[in-house]
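Colleague: Have a look at the structure that comes next, please.
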Amino acid sequence: QVQLVESGGGLVQAGGSLRLSCVASKRDTSINVMGWYRQAPGAGDQREWIAGISWVWTTNYADSVKGRFTISRDIAKNTVYLEMNNLKPEDTGIYYCNSVPHRDDYWGQGTRVTVFS
């Protein structure tokens, strides 16, 4: 089983930037696409997919983050990144990485991002 550890969250003013990291304990060759998900305040356990990247570097984004967020990966380090620019208060939430589609047993603890205006 793969364990995913997210980091890089924090408190940032609107318009600012953050870079999130997700390190996998090992490579799972059955996973083709890795992604980032966001759990907004008050959303309960609902997590919104926001970005994905495949082994061949194909990327996709939710409309809410397109043009502001960039997903990338370092295969040698088993790490996926999320560069977040021009952050908005509505980007506030807990950010998780997981496969796309997600696997229930792969959720980590997430990293919290708070954007204030």
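Identifiers for the structure tokens are assigned positionally: chains receive A, B, ... in sequence, residues are indexed from 1 per chain, and ligands are indexed from 1 in the order shown.
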Please build the interface table for segment 8-30 of chain A against segment 91-110 of chain A with a cut-off of 9 Å, listing for each qualifying residue the nearest atom pair and the distance in Å to one decimal; count only C-alpha atoms, order rows by chain and increasing number, and write it as a tab-separated table.
Modeller:
residue	atom	partner	partner_atom	distance
A:Gly9	CA	A:Tyr95	CA	8.0
A:Leu20	CA	A:Tyr95	CA	8.5
A:Ser21	CA	A:Cys97	CA	8.8
A:Cys22	CA	A:Cys97	CA	6.4
Colleague: Include C-alpha atoms and write out the residues we just selected as a PDB file, in the first residue's frame.
Modeller:
ATOM      1  CA  GLY A   9       0.235  24.545   3.105  1.00  0.00           C
ATOM      2  CA  LEU A  20       2.419  22.024  -2.218  1.00  0.00           C
ATOM      3  CA  SER A  21       4.272  18.723  -2.265  1.00  0.00           C
ATOM      4  CA  CYS A  22       3.035  15.162  -2.073  1.00  0.00           C
TER       5      CYS A  22
END
Colleague: For Arg27 of chain A, which residue among A:Leu4, A:Leu82, A:Ile71, A:Val56 is the nearest when counting only C-alpha atoms?
Modeller: A:Leu4
Colleague: One number please: atom CA of Asn86 of chain A to atom CA of Asn60 of chain A, in Å, one decimal.
Modeller: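 Going from atom CA of Asn86 of chain A over to atom CA of Asn60 of chain A covers 18.3 Å.
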Colleague: At a cut-off of 7 Å, using only C-alpha atoms, what residues contact Lys88 of chain A? Leave out same-chain residues fewer than 4 positions from it and give the result as a PyMOL selection string.
Modeller: chain A and resi 14-15+115
Colleague: Can those selected residues be exported to a file as an mmCIF file, in the first residue's frame so that it contains C-alpha atoms?
Modeller:
data_model
loop_
_atom_site.group_PDB
_atom_site.id
_atom_site.type_symbol
_atom_site.label_atom_id
_atom_site.label_comp_id
_atom_site.auth_asym_id
_atom_site.auth_seq_id
_atom_site.Cartn_x
_atom_site.Cartn_y
_atom_site.Cartn_z
ATOM 1 C CA ALA A 14 -5.006 36.817 -1.469
ATOM 2 C CA GLY A 15 -2.848 37.165 -4.559
ATOM 3 C CA VAL A 115 -6.191 32.465 2.020
#
